[in-house]
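Accompanying notes for the structure given below.
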Amino acid sequence: MDITPLIKEGQQIIQSYAAGAFRISGISYAHAVFVSPVETIAWQASDFKALTIEDFSPLFAEAENIDVVLLGAGNVMAFMDVALRTALRDKGLSVDIMPTDAACRTYNVLMAEGRRVVAALLPVTAG
């Protein structure tokens, strides 16, 4: 019996992640990315501690169509600056922060369930 979730053709699925890179729907990315069910785009962010409201601006136009943003913070669990979290909430974005590996797995599950999810993924480092 096949128990893998049915993924609609064309939806973006995170196939793998490694030090500094992601493989998403057959394409490799060697930088941070935003992944939604319909597209993967380059993200200019590189350091969790340096994130600003402007780093999330590509998501603002679609905020009403996003239930949750899964922020993969790299190798470790981290906490977002309260002012940044508040500013994102004011823009309509609910952000859950977790290590990047957990964000990748959680994105795939939520996307397969048909949820309106975006993963904002910072690469993990070797180690």
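Chain identifiers are assigned as A, B, and so on, following the order in which chains appear in the structure tokens; residues are numbered from 1 within each chain, and ligands are numbered from 1 in order of appearance.
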Strand (DSSP E) positions in segment 35-102 of chain A, given as a list in words: Val35, Thr40, Ile41, Ala42, Val68, Val69, Leu70, Leu71, Gly72, Val95, Asp96, Ile97 and Met98 of chain A
Dump as an mmCIF file, in the first residue's frame, selection limited to N, CA and C atoms:
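In the end it all went to again-v9.cif:
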data_model
loop_
_atom_site.group_PDB
_atom_site.id
_atom_site.type_symbol
_atom_site.label_atom_id
_atom_site.label_comp_id
_atom_site.auth_asym_id
_atom_site.auth_seq_id
_atom_site.Cartn_x
_atom_site.Cartn_y
_atom_site.Cartn_z
ATOM 1 N N VAL A 35 9.998 29.096 -0.445
ATOM 2 C CA VAL A 35 9.339 28.014 -1.161
ATOM 3 C C VAL A 35 7.853 28.059 -0.834
ATOM 4 N N THR A 40 9.445 28.610 -6.204
ATOM 5 C CA THR A 40 10.616 28.776 -5.350
ATOM 6 C C THR A 40 11.366 29.982 -5.878
ATOM 7 N N ILE A 41 11.673 30.918 -4.978
ATOM 8 C CA ILE A 41 12.408 32.118 -5.399
ATOM 9 C C ILE A 41 13.605 32.336 -4.486
ATOM 10 N N ALA A 42 14.638 32.958 -5.045
ATOM 11 C CA ALA A 42 15.822 33.283 -4.265
ATOM 12 C C ALA A 42 15.453 34.262 -3.155
ATOM 13 N N VAL A 68 0.818 30.383 7.102
ATOM 14 C CA VAL A 68 1.982 30.378 7.984
ATOM 15 C C VAL A 68 3.259 30.427 7.155
ATOM 16 N N VAL A 69 4.251 31.141 7.691
ATOM 17 C CA VAL A 69 5.600 31.151 7.136
ATOM 18 C C VAL A 69 6.465 30.334 8.091
ATOM 19 N N LEU A 70 7.077 29.285 7.575
ATOM 20 C CA LEU A 70 7.995 28.464 8.356
ATOM 21 C C LEU A 70 9.397 29.000 8.119
ATOM 22 N N LEU A 71 9.970 29.614 9.121
ATOM 23 C CA LEU A 71 11.299 30.204 8.985
ATOM 24 C C LEU A 71 12.344 29.208 9.462
ATOM 25 N N GLY A 72 13.100 28.667 8.509
ATOM 26 C CA GLY A 72 14.204 27.765 8.826
ATOM 27 C C GLY A 72 15.422 28.601 9.161
ATOM 28 N N VAL A 95 4.675 33.849 11.592
ATOM 29 C CA VAL A 95 5.955 33.183 11.370
ATOM 30 C C VAL A 95 6.233 32.192 12.492
ATOM 31 N N ASP A 96 6.538 30.947 12.114
ATOM 32 C CA ASP A 96 6.985 29.919 13.052
ATOM 33 C C ASP A 96 8.455 29.660 12.764
ATOM 34 N N ILE A 97 9.282 29.755 13.792
ATOM 35 C CA ILE A 97 10.733 29.619 13.626
ATOM 36 C C ILE A 97 11.165 28.255 14.139
ATOM 37 N N MET A 98 12.034 27.616 13.358
ATOM 38 C CA MET A 98 12.549 26.293 13.713
ATOM 39 C C MET A 98 13.847 26.071 12.953
#
Give one line per residue of segment 29-83 of chain A that approaches segment 89-92 of chain A to at most 7 Å, naming the two atoms of the closest pair and their distance in Å to one decimal, counting only C-alpha atoms; sort by chain then ascending residue number and deliver it as a tab-separated table.
residue	atom	partner	partner_atom	distance
A:Phe60	CA	A:Lys91	CA	6.5
A:Ala63	CA	A:Gly92	CA	5.5
A:Glu64	CA	A:Gly92	CA	6.6
Store the residues picked out above in a file with C-alpha atoms, as a CSV table (one decimal), in the first residue's frame.
chain,number,residue,atom,x,y,z
A,60,PHE,CA,3.8,41.0,1.7
A,63,ALA,CA,0.2,37.7,2.9
A,64,GLU,CA,-3.6,37.2,2.8
Nearest candidate to Val76 of chain A (options A:Val38, A:Ile27, A:Ala103, A:Leu88; using only C-alpha atoms):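 Ranked by minimum distance to Val76 of chain A, first place goes to A:Ala103.
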Those of segment 9-122 of chain A in DSSP alpha helix (DSSP H), formatted as number ranges by chain: A: 57-60, 82-90, 100-112
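Taking only C-alpha atoms, the non-local environment of Ala30 of chain A within 8 Å (same-chain residues fewer than 3 positions away omitted) comprises Gly20, Ala21 and Phe22 of chain A.
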Got time to write the residues from that selection, N, CA and C atoms, as a PDB file, in the first residue's frame?
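Wrote result.pdb, looks like this:
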ATOM      1  N   GLY A  20      24.487  24.335   2.982  1.00  0.00           N
ATOM      2  CA  GLY A  20      24.458  25.420   2.012  1.00  0.00           C
ATOM      3  C   GLY A  20      23.585  25.223   0.798  1.00  0.00           C
ATOM      4  N   ALA A  21      22.809  24.142   0.701  1.00  0.00           N
ATOM      5  CA  ALA A  21      22.049  23.909  -0.529  1.00  0.00           C
ATOM      6  C   ALA A  21      20.722  23.204  -0.267  1.00  0.00           C
ATOM      7  N   PHE A  22      19.815  23.398  -1.229  1.00  0.00           N
ATOM      8  CA  PHE A  22      18.498  22.751  -1.202  1.00  0.00           C
ATOM      9  C   PHE A  22      18.232  22.149  -2.575  1.00  0.00           C
TER      10      PHE A  22
END
Atom-to-atom span, atom CA of Asn65 of chain A and atom CA of Ser36 of chain A, Å: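 Between these atoms lies a distance of 10.8 Å.
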Given only C-alpha atoms as the counted atoms, nearest of A:Glu113, A:Asp55, A:Glu39, A:Asp101 to Met77 of chain A: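 Looking only at the distances to Met77 of chain A, the closest residue turns out to be A:Asp101.
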Interatomic distance (Å, one decimal) between atom CA of Gly74 of chain A and atom CA of Ile13 of chain A: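 Here the two named atoms are 18.7 Å from each other.
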Taking only C-alpha atoms into account, produce a table as CSV in which each residue of segment 16-62 of chain A with an atom at most 12 Å from an atom of segment 104-107 of chain A appears once, together with its shortest atom pair and the distance in Å to one decimal, ordered by chain and rising number.
residue,atom,partner,partner_atom,distance
A:Ser16,CA,A:Cys104,CA,8.2
A:Tyr17,CA,A:Cys104,CA,8.0
A:Ala18,CA,A:Cys104,CA,11.2
A:Phe22,CA,A:Cys104,CA,9.4
A:Arg23,CA,A:Cys104,CA,10.6
A:Ile24,CA,A:Cys104,CA,10.1
A:Val33,CA,A:Cys104,CA,11.3
A:Phe34,CA,A:Cys104,CA,11.1
A:Val35,CA,A:Tyr107,CA,8.6
A:Ser36,CA,A:Tyr107,CA,8.6
A:Pro37,CA,A:Tyr107,CA,9.2
Take the selection from the previous step and output its residues with N, CA and C atoms, as a PDB file, in the first residue's frame.
ATOM      1  N   SER A  16      15.578  17.606  -0.688  1.00  0.00           N
ATOM      2  CA  SER A  16      16.733  17.411   0.194  1.00  0.00           C
ATOM      3  C   SER A  16      17.328  18.760   0.567  1.00  0.00           C
ATOM      4  N   TYR A  17      18.136  18.718   1.610  1.00  0.00           N
ATOM      5  CA  TYR A  17      18.874  19.889   2.056  1.00  0.00           C
ATOM      6  C   TYR A  17      20.202  19.388   2.601  1.00  0.00           C
ATOM      7  N   ALA A  18      21.226  20.180   2.443  1.00  0.00           N
ATOM      8  CA  ALA A  18      22.561  19.846   2.939  1.00  0.00           C
ATOM      9  C   ALA A  18      23.268  21.164   3.210  1.00  0.00           C
ATOM     10  N   PHE A  22      19.815  23.398  -1.229  1.00  0.00           N
ATOM     11  CA  PHE A  22      18.498  22.751  -1.202  1.00  0.00           C
ATOM     12  C   PHE A  22      18.232  22.149  -2.575  1.00  0.00           C
ATOM     13  N   ARG A  23      17.486  21.055  -2.617  1.00  0.00           N
ATOM     14  CA  ARG A  23      16.980  20.501  -3.877  1.00  0.00           C
ATOM     15  C   ARG A  23      15.468  20.532  -3.773  1.00  0.00           C
ATOM     16  N   ILE A  24      14.864  21.333  -4.661  1.00  0.00           N
ATOM     17  CA  ILE A  24      13.426  21.562  -4.620  1.00  0.00           C
ATOM     18  C   ILE A  24      12.848  21.262  -5.989  1.00  0.00           C
ATOM     19  N   VAL A  33      16.168  30.490   0.217  1.00  0.00           N
ATOM     20  CA  VAL A  33      15.017  30.508  -0.695  1.00  0.00           C
ATOM     21  C   VAL A  33      13.712  30.697   0.065  1.00  0.00           C
ATOM     22  N   PHE A  34      12.714  31.201  -0.669  1.00  0.00           N
ATOM     23  CA  PHE A  34      11.322  31.135  -0.259  1.00  0.00           C
ATOM     24  C   PHE A  34      10.699  30.026  -1.091  1.00  0.00           C
ATOM     25  N   VAL A  35       9.998  29.096  -0.445  1.00  0.00           N
ATOM     26  CA  VAL A  35       9.339  28.014  -1.161  1.00  0.00           C
ATOM     27  C   VAL A  35       7.853  28.059  -0.834  1.00  0.00           C
ATOM     28  N   SER A  36       7.039  28.113  -1.871  1.00  0.00           N
ATOM     29  CA  SER A  36       5.590  28.001  -1.713  1.00  0.00           C
ATOM     30  C   SER A  36       5.146  26.845  -2.601  1.00  0.00           C
ATOM     31  N   PRO A  37       3.904  26.412  -2.477  1.00  0.00           N
ATOM     32  CA  PRO A  37       3.463  25.317  -3.344  1.00  0.00           C
ATOM     33  C   PRO A  37       3.573  25.629  -4.836  1.00  0.00           C
TER      34      PRO A  37
END
Contacts of Ile66 of chain A within 10 Å, only C-alpha atoms, excl. fewer than 6 positions in-chain, as a VMD selection string: chain A and resid 36 59 to 60 92 to 94 115 to 118
